[in-house]
>>> print(open('work-v2.txt').read())   # compact mmCIF, C-alpha atoms
# COMPACT_ATOMS: atom_id res chain seq x y z
CA MET A 1 -72.94 40.25 -8.73
CA GLU A 2 -73.59 37.00 -10.51
CA GLY A 3 -71.47 34.03 -11.41
CA GLU A 4 -72.37 32.02 -14.48
CA ALA A 5 -71.66 28.65 -16.05
CA GLY A 6 -73.08 28.93 -19.56
CA GLY A 7 -74.53 26.26 -21.77
CA SER A 8 -77.64 24.17 -21.58
CA VAL A 9 -78.10 23.07 -17.96
CA ARG A 10 -81.08 20.92 -17.06
CA CYS A 11 -80.56 20.66 -13.29
CA GLY A 12 -78.16 21.66 -10.53
CA SER A 13 -77.59 21.58 -6.80
CA TRP A 14 -75.20 22.66 -4.06
CA ILE A 15 -72.82 20.19 -2.43
CA ARG A 16 -71.61 20.98 1.08
CA ARG A 17 -68.48 18.97 1.63
CA PRO A 18 -67.37 17.78 5.11
CA GLU A 19 -64.52 20.34 5.03
CA ASN A 20 -67.15 23.14 4.78
CA LEU A 21 -66.37 23.67 1.12
CA ASN A 22 -69.35 24.52 -1.10
CA LEU A 23 -69.42 22.98 -4.57
CA VAL A 24 -72.00 22.96 -7.35
CA VAL A 25 -73.06 19.94 -9.40
CA LEU A 26 -74.68 20.55 -12.78
CA GLY A 27 -76.43 18.23 -15.19
CA ARG A 28 -75.68 19.35 -18.75
CA THR A 29 -77.70 18.32 -21.78
CA THR A 30 -76.78 17.90 -25.40
CA THR A 31 -77.62 20.72 -27.80
CA PHE A 32 -77.93 21.07 -31.54
CA HIS A 33 -74.95 23.43 -31.60
CA SER A 34 -72.60 21.18 -29.62
CA SER A 35 -71.13 17.78 -30.34
CA SER A 36 -70.40 17.08 -26.66
CA SER A 37 -72.45 14.48 -24.82
CA SER A 38 -74.60 14.99 -21.76
CA ALA A 39 -72.49 15.15 -18.63
CA ILE A 40 -72.37 15.63 -14.87
CA GLU A 41 -69.92 18.36 -13.84
CA ILE A 42 -68.64 19.58 -10.46
CA PHE A 43 -67.64 23.24 -10.02
CA SER A 44 -66.05 25.06 -7.10
CA PHE A 45 -67.67 28.20 -5.67
CA ASP A 46 -65.75 31.31 -4.61
CA PRO A 47 -67.84 33.18 -2.00
CA ASN A 48 -65.64 36.29 -2.19
CA ALA A 49 -66.05 36.68 -5.95
CA ASN A 50 -69.52 35.10 -5.87
CA SER A 51 -68.72 32.98 -8.91
CA LEU A 52 -68.24 29.43 -10.09
CA SER A 53 -64.92 28.13 -11.35
CA SER A 54 -64.31 28.60 -15.08
CA SER A 55 -63.68 24.88 -15.59
CA PRO A 56 -65.12 21.84 -13.78
CA LEU A 57 -63.20 20.08 -11.02
CA ALA A 58 -64.60 16.74 -12.18
CA ARG A 59 -66.72 15.53 -15.09
CA HIS A 60 -68.58 12.35 -15.97
CA ASP A 61 -69.92 11.86 -19.48
CA LEU A 62 -73.26 10.11 -19.54
CA GLU A 63 -73.72 7.17 -21.86
CA GLU A 64 -75.86 7.59 -24.94
CA SER A 65 -78.31 5.09 -23.49
CA ASP A 66 -78.81 7.37 -20.48
CA ASP A 67 -79.49 10.45 -22.59
CA ASP A 68 -80.11 13.76 -20.76
CA PRO A 69 -80.23 14.24 -16.97
CA ILE A 70 -83.56 15.23 -15.41
CA ALA A 71 -82.97 15.86 -11.71
CA ILE A 72 -80.22 15.73 -9.07
CA ALA A 73 -80.50 15.17 -5.32
CA VAL A 74 -77.44 15.56 -3.05
CA HIS A 75 -77.10 13.61 0.20
CA PRO A 76 -76.77 15.90 3.27
CA SER A 77 -73.32 14.43 4.00
CA GLY A 78 -71.99 15.85 0.73
CA ASP A 79 -70.30 12.56 -0.15
CA CYS A 80 -72.69 11.43 -2.89
CA PHE A 81 -75.65 12.39 -5.04
CA VAL A 82 -78.25 10.70 -7.23
CA CYS A 83 -79.04 11.71 -10.81
CA SER A 84 -82.04 10.60 -12.84
CA THR A 85 -81.90 10.48 -16.63
CA ILE A 86 -84.49 10.21 -19.35
CA ASN A 87 -83.68 6.63 -20.31
CA GLY A 88 -81.30 5.29 -17.68
CA GLY A 89 -83.26 5.37 -14.44
CA CYS A 90 -81.20 6.63 -11.46
CA LYS A 91 -77.49 6.38 -10.76
CA LEU A 92 -75.47 7.05 -7.64
CA PHE A 93 -72.40 9.29 -7.94
CA GLU A 94 -69.78 9.22 -5.19
CA LEU A 95 -67.17 11.94 -4.62
CA HIS A 96 -63.62 10.94 -3.70
CA GLY A 97 -60.82 13.20 -2.53
CA GLN A 98 -60.62 16.41 -0.54
CA GLY A 99 -60.84 20.10 -1.29
CA THR A 100 -60.83 20.75 -5.00
CA HIS A 101 -59.05 17.50 -5.88
CA LEU A 102 -62.05 15.33 -6.63
CA LYS A 103 -62.96 12.29 -8.64
CA LEU A 104 -66.37 10.88 -9.51
CA SER A 105 -67.38 7.24 -9.50
CA THR A 106 -70.76 5.74 -10.33
CA LYS A 107 -72.78 2.90 -8.85
CA GLU A 108 -76.03 1.28 -9.83
CA LEU A 109 -79.08 1.50 -7.62
CA PRO A 110 -80.81 -1.87 -8.08
CA PRO A 111 -84.31 -0.77 -6.92
CA LEU A 112 -84.19 2.10 -9.43
CA LEU A 113 -82.27 0.48 -12.25
CA ASP A 114 -85.23 0.22 -14.65
CA ALA A 115 -87.47 2.76 -12.94
CA GLY A 116 -87.74 4.99 -15.99
CA PRO A 117 -87.53 8.80 -15.90
CA GLN A 118 -87.90 10.19 -12.38
CA LYS A 119 -89.16 13.77 -12.29
CA CYS A 120 -88.58 14.30 -8.55
CA LEU A 121 -85.72 13.21 -6.28
CA ALA A 122 -85.35 14.09 -2.60
CA PHE A 123 -83.25 13.11 0.41
CA SER A 124 -84.66 13.59 3.90
CA VAL A 125 -82.99 16.25 6.06
CA ASP A 126 -81.21 13.63 8.19
CA GLY A 127 -80.22 11.60 5.11
CA SER A 128 -81.94 8.41 6.28
CA ARG A 129 -84.52 8.28 3.46
CA PHE A 130 -84.54 8.82 -0.28
CA ALA A 131 -87.68 9.36 -2.38
CA THR A 132 -88.35 9.35 -6.10
CA GLY A 133 -91.43 10.44 -8.02
CA GLY A 134 -91.74 9.19 -11.59
CA VAL A 135 -93.21 10.73 -14.67
CA ASP A 136 -95.52 7.70 -14.59
CA GLY A 137 -96.80 8.63 -11.10
CA HIS A 138 -94.86 5.88 -9.29
CA LEU A 139 -93.68 6.77 -5.75
CA ARG A 140 -90.74 5.02 -4.10
CA ILE A 141 -89.27 5.73 -0.67
CA LEU A 142 -86.04 3.90 0.22
CA GLU A 143 -84.12 3.57 3.43
CA TRP A 144 -80.64 5.02 3.00
CA PRO A 145 -78.04 3.65 2.52
CA THR A 146 -79.47 0.10 2.76
CA LEU A 147 -81.88 0.80 -0.16
CA ARG A 148 -84.58 -1.17 1.64
CA ILE A 149 -87.93 -0.27 0.06
CA LEU A 150 -90.24 1.45 2.53
CA VAL A 151 -92.90 2.68 0.11
CA ASP A 152 -93.71 1.39 -3.37
CA GLU A 153 -96.91 3.05 -4.59
CA VAL A 154 -97.48 2.53 -8.30
CA ARG A 155 -100.39 4.96 -8.69
CA ALA A 156 -99.47 7.68 -6.24
CA HIS A 157 -100.19 10.41 -8.81
CA LYS A 158 -101.06 10.83 -12.44
CA SER A 159 -97.54 12.24 -12.91
CA PHE A 160 -95.26 13.81 -10.31
CA ARG A 161 -94.71 17.55 -10.23
CA ASP A 162 -92.86 18.17 -6.93
CA MET A 163 -92.04 16.62 -3.53
CA ASP A 164 -90.39 17.47 -0.22
CA PHE A 165 -89.62 15.84 3.16
CA SER A 166 -90.63 17.43 6.45
CA LEU A 167 -87.87 18.55 8.83
CA ASP A 168 -88.28 15.46 11.06
CA SER A 169 -88.51 13.12 8.01
CA GLU A 170 -91.90 11.87 9.22
CA PHE A 171 -93.92 13.19 6.27
CA LEU A 172 -93.50 13.48 2.54
CA ALA A 173 -95.55 16.00 0.56
CA SER A 174 -96.05 15.43 -3.16
CA THR A 175 -97.87 17.23 -5.95
CA SER A 176 -99.20 16.04 -9.30
CA THR A 177 -99.52 17.55 -12.74
CA ASP A 178 -103.30 17.33 -12.34
CA GLY A 179 -103.20 19.87 -9.46
CA SER A 180 -103.63 17.50 -6.51
CA ALA A 181 -101.35 17.18 -3.47
CA ARG A 182 -100.95 14.30 -1.02
CA ILE A 183 -99.25 13.74 2.33
CA TRP A 184 -97.50 10.44 3.07
CA LYS A 185 -96.22 8.77 6.23
CA THR A 186 -92.67 7.81 5.32
CA GLU A 187 -92.35 4.85 7.68
CA ASP A 188 -95.26 2.75 6.49
CA GLY A 189 -96.18 4.49 3.24
CA VAL A 190 -99.73 5.16 4.31
CA PRO A 191 -101.27 8.08 2.35
CA LEU A 192 -102.24 10.32 5.24
CA MET A 193 -104.48 12.69 3.33
CA THR A 194 -105.06 14.76 0.22
CA LEU A 195 -104.78 18.51 0.73
CA THR A 196 -108.02 20.35 0.25
CA SER A 197 -108.38 23.10 -2.31
CA ASN A 198 -111.13 24.89 -4.17
CA SER A 199 -112.45 23.46 -7.41
CA ASP A 200 -110.77 26.23 -9.42
CA GLU A 201 -107.38 25.78 -7.69
CA LYS A 202 -104.39 23.64 -8.69
CA ILE A 203 -101.59 22.94 -6.22
CA GLU A 204 -98.28 22.87 -8.09
CA LEU A 205 -95.18 23.11 -5.82
CA CYS A 206 -94.58 22.25 -2.17
CA ARG A 207 -91.93 22.89 0.51
CA PHE A 208 -91.93 22.31 4.28
CA SER A 209 -90.73 24.98 6.68
CA LYS A 210 -87.23 24.31 8.00
CA ASP A 211 -86.72 26.56 11.04
CA GLY A 212 -87.95 23.97 13.55
CA THR A 213 -90.50 26.28 15.21
CA LYS A 214 -93.20 26.83 12.58
CA PRO A 215 -94.71 23.53 11.35
CA PHE A 216 -95.93 24.80 7.99
CA LEU A 217 -96.18 23.52 4.44
CA PHE A 218 -95.85 26.10 1.67
CA CYS A 219 -97.58 25.42 -1.65
CA THR A 220 -97.89 27.40 -4.85
CA VAL A 221 -101.49 27.48 -6.03
CA GLN A 222 -102.82 28.49 -9.41
CA ARG A 223 -106.31 29.95 -9.15
CA GLY A 224 -107.35 30.76 -12.68
CA ILE A 225 -104.87 33.40 -13.82
CA LYS A 226 -103.83 34.23 -10.24
CA ALA A 227 -100.66 32.70 -8.79
CA LEU A 228 -100.77 32.39 -4.99
CA THR A 229 -98.60 30.98 -2.23
CA ALA A 230 -100.66 29.08 0.35
CA VAL A 231 -99.64 28.05 3.86
CA TYR A 232 -100.87 24.86 5.56
CA ASP A 233 -100.58 24.03 9.26
CA ILE A 234 -99.13 20.50 9.38
CA SER A 235 -100.67 19.77 12.78
CA THR A 236 -104.13 19.86 11.19
CA TRP A 237 -103.26 20.08 7.45
CA ASN A 238 -105.70 22.96 7.14
CA LYS A 239 -104.91 25.97 4.99
CA ILE A 240 -104.37 28.98 7.24
CA GLY A 241 -103.90 31.61 4.55
CA HIS A 242 -102.45 32.60 1.21
CA LYS A 243 -100.63 35.54 -0.33
CA ARG A 244 -99.73 36.77 -3.79
CA LEU A 245 -95.93 36.97 -3.86
CA LEU A 246 -94.34 36.20 -7.22
CA GLY A 247 -97.43 37.38 -9.10
CA LYS A 248 -96.94 34.87 -11.91
CA PRO A 249 -96.82 31.06 -12.27
CA ALA A 250 -93.83 29.50 -10.49
CA SER A 251 -91.70 26.74 -11.95
CA VAL A 252 -89.65 25.97 -8.84
CA MET A 253 -89.61 26.70 -5.10
CA SER A 254 -86.98 26.41 -2.37
CA VAL A 255 -86.54 27.03 1.37
CA SER A 256 -83.22 27.96 2.99
CA LEU A 257 -81.71 25.42 5.39
CA ASP A 258 -82.29 27.69 8.39
CA GLY A 259 -85.89 28.28 7.31
CA LYS A 260 -85.63 32.08 7.23
CA TYR A 261 -86.26 32.52 3.53
CA LEU A 262 -88.52 31.10 0.82
CA ALA A 263 -87.61 31.50 -2.85
CA LEU A 264 -89.80 31.27 -5.95
CA GLY A 265 -88.64 31.02 -9.56
CA SER A 266 -90.97 31.90 -12.42
CA LYS A 267 -91.57 30.35 -15.80
CA ASP A 268 -90.15 33.41 -17.54
CA GLY A 269 -86.88 33.72 -15.58
CA ASP A 270 -87.65 35.87 -12.50
CA ILE A 271 -86.95 34.98 -8.87
CA CYS A 272 -88.20 36.48 -5.62
CA VAL A 273 -87.02 35.72 -2.10
CA VAL A 274 -89.45 36.03 0.80
CA GLU A 275 -88.72 36.47 4.50
CA VAL A 276 -90.81 33.71 6.07
CA LYS A 277 -91.37 35.47 9.40
CA LYS A 278 -93.12 38.41 7.73
CA MET A 279 -94.10 36.74 4.44
CA GLU A 280 -92.79 39.80 2.63
CA ILE A 281 -90.48 39.97 -0.39
CA SER A 282 -86.88 40.76 0.54
CA HIS A 283 -85.23 40.35 -2.86
CA TRP A 284 -86.23 40.55 -6.52
CA SER A 285 -84.20 39.46 -9.55
CA LYS A 286 -86.22 40.16 -12.67
CA ARG A 287 -85.28 38.71 -16.05
CA LEU A 288 -82.49 36.70 -14.44
CA HIS A 289 -83.03 33.90 -16.99
CA LEU A 290 -84.79 36.04 -19.56
CA GLY A 291 -87.81 34.34 -21.13
CA THR A 292 -86.89 30.85 -19.90
CA PRO A 293 -88.35 28.73 -17.07
CA ILE A 294 -86.01 28.35 -14.11
CA THR A 295 -85.37 24.61 -13.74
CA SER A 296 -83.43 24.64 -10.44
CA LEU A 297 -83.43 27.03 -7.50
CA GLU A 298 -81.51 26.34 -4.31
CA PHE A 299 -80.04 28.32 -1.40
CA CYS A 300 -76.35 28.01 -0.59
CA PRO A 301 -76.04 25.62 2.39
CA SER A 302 -73.77 28.03 4.32
CA ARG A 303 -75.84 30.28 6.57
CA ASN A 304 -73.36 33.16 6.34
CA CYS A 305 -73.53 33.14 2.54
CA ARG A 306 -76.89 34.37 1.24
CA VAL A 307 -76.72 33.36 -2.42
CA VAL A 308 -78.93 31.17 -4.59
CA LEU A 309 -78.12 28.82 -7.45
CA THR A 310 -80.43 28.91 -10.47
CA THR A 311 -80.36 26.99 -13.74
CA SER A 312 -82.19 27.08 -17.05
CA ASN A 313 -81.88 25.31 -20.38
CA GLN A 314 -81.04 28.52 -22.24
CA TRP A 315 -78.90 30.55 -19.83
CA GLY A 316 -77.09 27.80 -17.92
CA ALA A 317 -76.26 28.18 -14.22
CA MET A 318 -76.04 31.37 -12.18
CA VAL A 319 -75.22 32.19 -8.56
CA THR A 320 -76.91 35.37 -7.35
CA LYS A 321 -76.14 37.28 -4.17
CA LEU A 322 -79.29 38.24 -2.29
CA ASN A 323 -80.02 41.76 -1.07
CA VAL A 324 -81.13 40.64 2.39
CA PRO A 325 -79.89 41.65 5.86
CA ALA A 326 -76.64 39.92 6.75
CA ASP A 327 -76.73 37.33 9.51
CA TRP A 328 -74.58 37.65 12.60
CA LYS A 329 -71.31 35.80 12.23
CA GLU A 330 -69.81 33.81 15.08
CA TRP A 331 -66.92 36.22 15.68
CA GLN A 332 -69.35 39.14 15.80
CA ILE A 333 -71.37 37.44 18.54
CA TYR A 334 -68.22 36.85 20.62
CA PHE A 335 -67.13 40.45 20.05
CA LEU A 336 -70.52 41.68 21.29
CA LEU A 337 -70.29 39.52 24.41
CA LEU A 338 -66.79 40.83 25.09
CA GLY A 339 -68.03 44.41 24.72
CA LEU A 340 -70.87 43.78 27.18
CA PHE A 341 -68.39 42.27 29.67
CA LEU A 342 -66.06 45.27 29.44
CA ALA A 343 -68.98 47.69 29.81
CA SER A 344 -70.12 45.82 32.92
CA ALA A 345 -66.59 46.03 34.34
CA VAL A 346 -66.48 49.81 33.80
CA VAL A 347 -69.87 50.30 35.49
CA PHE A 348 -68.76 48.14 38.42
CA TYR A 349 -65.54 50.18 38.80
CA ILE A 350 -67.46 53.50 38.83
CA PHE A 351 -69.87 52.07 41.39
CA PHE A 352 -66.96 51.00 43.59
CA GLU A 353 -65.26 54.40 43.43
CA LYS A 354 -68.45 56.25 44.41
CA SER A 355 -69.18 53.93 47.35
CA ASP A 356 -67.87 54.31 50.93
CA SER A 357 -66.67 50.76 51.01
CA PHE A 358 -66.50 47.77 48.74
CA TRP A 359 -69.82 46.36 49.93
CA ASN A 360 -71.88 49.48 50.78
CA PHE A 361 -74.07 51.57 48.52
CA PRO A 362 -73.46 55.36 48.46
CA ILE A 363 -75.19 56.74 51.59
CA SER A 364 -77.93 59.35 51.43
CA ARG A 365 -77.85 62.82 53.04
CA GLU A 366 -80.09 61.63 55.90
CA GLN A 367 -77.79 58.70 56.57
CA GLN A 368 -74.75 61.04 56.48
CA THR A 369 -76.33 63.38 59.13
CA ARG A 370 -77.18 60.43 61.39
CA ARG A 371 -73.61 59.19 61.05
CA ASN A 372 -72.19 62.54 62.16
CA ILE A 373 -74.47 62.65 65.24
CA ASP A 374 -73.49 59.09 66.18
CA SER A 375 -69.84 59.92 65.89
CA PHE A 376 -70.34 62.94 68.18
CA LEU A 377 -72.41 61.20 70.88
CA GLY A 378 -70.69 57.86 70.68
CA ASP A 379 -72.26 54.45 70.70
CA ALA A 380 -75.17 54.42 73.16
CA GLN A 381 -74.95 50.69 73.49
CA SER A 382 -71.24 50.65 74.34
CA ASP A 383 -70.19 49.25 77.77
CA ASP A 384 -67.04 51.38 77.96
CA PRO A 385 -67.39 53.78 80.99
CA ASN A 386 -64.96 56.19 79.34
CA VAL A 387 -66.91 56.49 76.23
CA PHE A 388 -67.42 60.23 76.89
CA GLY A 389 -63.81 60.65 78.05
CA PRO A 390 -62.40 60.94 81.59
CA LEU A 391 -64.67 62.76 84.11
CA ASP A 392 -63.37 65.81 85.94
CA MET A 393 -64.21 65.23 89.59
>>> encode(input="work-v2.txt", output="structure tokens")
Amino acid sequence: MEGEAGGSVRCGSWIRRPENLNLVVLGRTTTFHSSSSSAIEIFSFDPNANSLSSSPLARHDLEESDDDPIAIAVHPSGDCFVCSTINGGCKLFELHGQGTHLKLSTKELPPLLDAGPQKCLAFSVDGSRFATGGVDGHLRILEWPTLRILVDEVRAHKSFRDMDFSLDSEFLASTSTDGSARIWKTEDGVPLMTLTSNSDEKIELCRFSKDGTKPFLFCTVQRGIKALTAVYDISTWNKIGHKRLLGKPASVMSVSLDGKYLALGSKDGDICVVEVKKMEISHWSKRLHLGTPITSLEFCPSRNCRVVLTTSNQWGAMVTKLNVPADWKEWQIYFLLLGLFLASAVVFYIFFEKSDSFWNFPISREQQTRRNIDSFLGDAQSDDPNVFGPLDM
């Protein structure tokens, strides 16, 4: 079952509010068939119906000078997000209110006021850093929320294609339109290394693993006409293998917050979801955005809700429920523990009933025979002279 928000949507992302409410923010663009301006809209998500609200909870019309939105990055707190536009640099949007009663306010970001179009935006997992990658190849990493500039690399790439923070926020991976990929230390901005690849390979997208146990970096690689997904070990930054998953060029990639699943969206509207542990496809949605590149792909932040948000310029926004095994819910875990406790109590009761006493194990046949003899002869170590009864003199 799919929920849709039609119209031309350039970018989108989930917002997990402090009250555990999941919202969706969309960046809409102007079209030839509509007189409405570009806008930022907030929608509610109904997990039972697996759909977005029919009308936005809040809307902010972008100024003509800003033109169309390019990318959106939501802070992990769910209280704000940053949107980049074609002409207006980056702006900060803050959410006010609770539940579905929300209002949007905007603030300028001085270090990014005249930065130009930013192709890539990313917050670190802990929310302490914010990175932007420009169409002009300029990399900026800011401390959040102080906006202190940590990294300001003018010629980081020819032009940014993708970027992602590692789980511990120590590294930033970035890819370029020329097929190169670099790793950066986020504290001092030192370019750690450039990922190695064959001469006929181009690295396009990148995502770090998020489960906390497997320190990997996933990259989509185009080798001629073959589209591959490569895996790098971040302890050595060596490629440890690759696999053909989507089978066609990918336009976007995402990893679930718990790190169990990796998703790939194609340039003609397909998505596939891969179980990271086995590196096998668990879900296919073909022709989801028929004939159109998927511009955004993101897992719902709730672990008990396996759905993904996708957007495209032609088909708008969709939320798609994944055909993957359901995770254990908290109440199910407690129910299982209670069942194990009751089963243990029943076994203990049966053991008690079959035993001679509370503390003794059931005695064997040999022990039973010995007990009968002892009861007949008496206790040989007893000091009672009448142990055998009174003597007949």
>>> atom_distance(input="work-v2.txt", atom1="CA of Gln118 (chain A)", atom2="CA of Ser312 (chain A)")
18.4 Å
>>> atom_distance(input="work-v2.txt", atom1="CA of Leu290 (chain A)", atom2="CA of Pro69 (chain A)")
22.4 Å
>>> closest_residue(input="work-v2.txt", among="A:Glu94, A:Met163, A:Asp79, A:Gly27", to="Lys119 (chain A)", atoms="all atoms listed in the file")
A:Met163
>>> closest_residue(input="work-v2.txt", among="A:Ser256, A:Ser235, A:Ser251, A:Thr132", to="Thr292 (chain A)", atoms="all atoms listed in the file")
A:Ser251
>>> residues_around(input="work-v2.txt", residues="Phe171 (chain A)", least_positions_apart="4", cutoff="6 Å", atoms="all atoms listed in the file", output="number ranges by chain")
A: 165-166, 184-186
>>> residues_around(input="work-v2.txt", residues="Lys103 (chain A)", least_positions_apart="6", cutoff="6 Å", atoms="all atoms listed in the file", output="list in words")
Ala58, Leu95 and His96 of chain A
>>> atom_distance(input="work-v2.txt", atom1="CA of Arg148 (chain A)", atom2="CA of Pro117 (chain A)")
20.4 Å
>>> closest_residue(input="work-v2.txt", among="A:Asp162, A:Glu64, A:Glu187, A:Asp258", to="Arg129 (chain A)", atoms="all atoms listed in the file")
A:Glu187
>>> residues_around(input="work-v2.txt", residues="Leu262 (chain A)", least_positions_apart="3", cutoff="7 Å", atoms="all atoms listed in the file", output="list in words")
Ser254, Val255, Ser256, Val273, Val274, Glu275 and Val276 of chain A
>>> residues_around(input="work-v2.txt", residues="region 264-272 of chain A", least_positions_apart="4", cutoff="8 Å", atoms="all atoms listed in the file", output="PDB file with C-alpha atoms, keeping the file's coordinate frame")
ATOM      1  CA  LEU A 245     -95.930  36.970  -3.860  1.00  0.00           C
ATOM      2  CA  LEU A 246     -94.340  36.200  -7.220  1.00  0.00           C
ATOM      3  CA  LYS A 248     -96.940  34.870 -11.910  1.00  0.00           C
ATOM      4  CA  PRO A 249     -96.820  31.060 -12.270  1.00  0.00           C
ATOM      5  CA  ALA A 250     -93.830  29.500 -10.490  1.00  0.00           C
ATOM      6  CA  SER A 251     -91.700  26.740 -11.950  1.00  0.00           C
ATOM      7  CA  VAL A 252     -89.650  25.970  -8.840  1.00  0.00           C
ATOM      8  CA  MET A 253     -89.610  26.700  -5.100  1.00  0.00           C
ATOM      9  CA  SER A 254     -86.980  26.410  -2.370  1.00  0.00           C
ATOM     10  CA  ILE A 281     -90.480  39.970  -0.390  1.00  0.00           C
ATOM     11  CA  SER A 282     -86.880  40.760   0.540  1.00  0.00           C
ATOM     12  CA  HIS A 283     -85.230  40.350  -2.860  1.00  0.00           C
ATOM     13  CA  TRP A 284     -86.230  40.550  -6.520  1.00  0.00           C
ATOM     14  CA  SER A 285     -84.200  39.460  -9.550  1.00  0.00           C
ATOM     15  CA  LYS A 286     -86.220  40.160 -12.670  1.00  0.00           C
ATOM     16  CA  ARG A 287     -85.280  38.710 -16.050  1.00  0.00           C
ATOM     17  CA  LEU A 288     -82.490  36.700 -14.440  1.00  0.00           C
ATOM     18  CA  HIS A 289     -83.030  33.900 -16.990  1.00  0.00           C
ATOM     19  CA  LEU A 290     -84.790  36.040 -19.560  1.00  0.00           C
ATOM     20  CA  GLY A 291     -87.810  34.340 -21.130  1.00  0.00           C
ATOM     21  CA  THR A 292     -86.890  30.850 -19.900  1.00  0.00           C
ATOM     22  CA  PRO A 293     -88.350  28.730 -17.070  1.00  0.00           C
ATOM     23  CA  ILE A 294     -86.010  28.350 -14.110  1.00  0.00           C
ATOM     24  CA  LEU A 297     -83.430  27.030  -7.500  1.00  0.00           C
TER      25      LEU A 297
END
>>> residues_around(input="work-v2.txt", residues="Ile141 (chain A)", least_positions_apart="3", cutoff="6 Å", atoms="all atoms listed in the file", output="PyMOL selection string")
chain A and resi 130-131+150-151
>>> closest_residue(input="work-v2.txt", among="A:Thr311, A:Ser344, A:Thr320, A:Thr175", to="Ala49 (chain A)", atoms="all atoms listed in the file")
A:Thr320
>>> residues_near_point(input="work-v2.txt", point="(-81.0, 4.9, -9.1)", cutoff="8 Å", atoms="all atoms listed in the file", output="JSON, numbers by chain")
{"A": [82, 83, 84, 89, 90, 91, 92, 108, 109, 110, 111, 112, 113, 115]}
>>> closest_residue(input="work-v2.txt", among="A:Ala227, A:Val74, A:Ala343, A:Val324", to="Gly247 (chain A)", atoms="only C-alpha atoms")
A:Ala227
>>> closest_residue(input="work-v2.txt", among="A:Lys260, A:Arg140, A:His242, A:His157", to="Asp211 (chain A)", atoms="all atoms listed in the file")
A:Lys260
>>> residues_near_point(input="work-v2.txt", point="(-71.3, 29.3, -5.0)", cutoff="7 Å", atoms="all atoms listed in the file", output="ChimeraX atom specification")
/A:22-24,45-47,50-52,300,319
>>> axis_aligned_box(input="work-v2.txt", around="region 241-246 of chain A", padding_each_side="3 Å", output="lines of an AutoDock Vina configuration file")
center_x = -99.1
center_y = 34.3
center_z = -1.3
size_x = 15.6
size_y = 11.4
size_z = 17.8
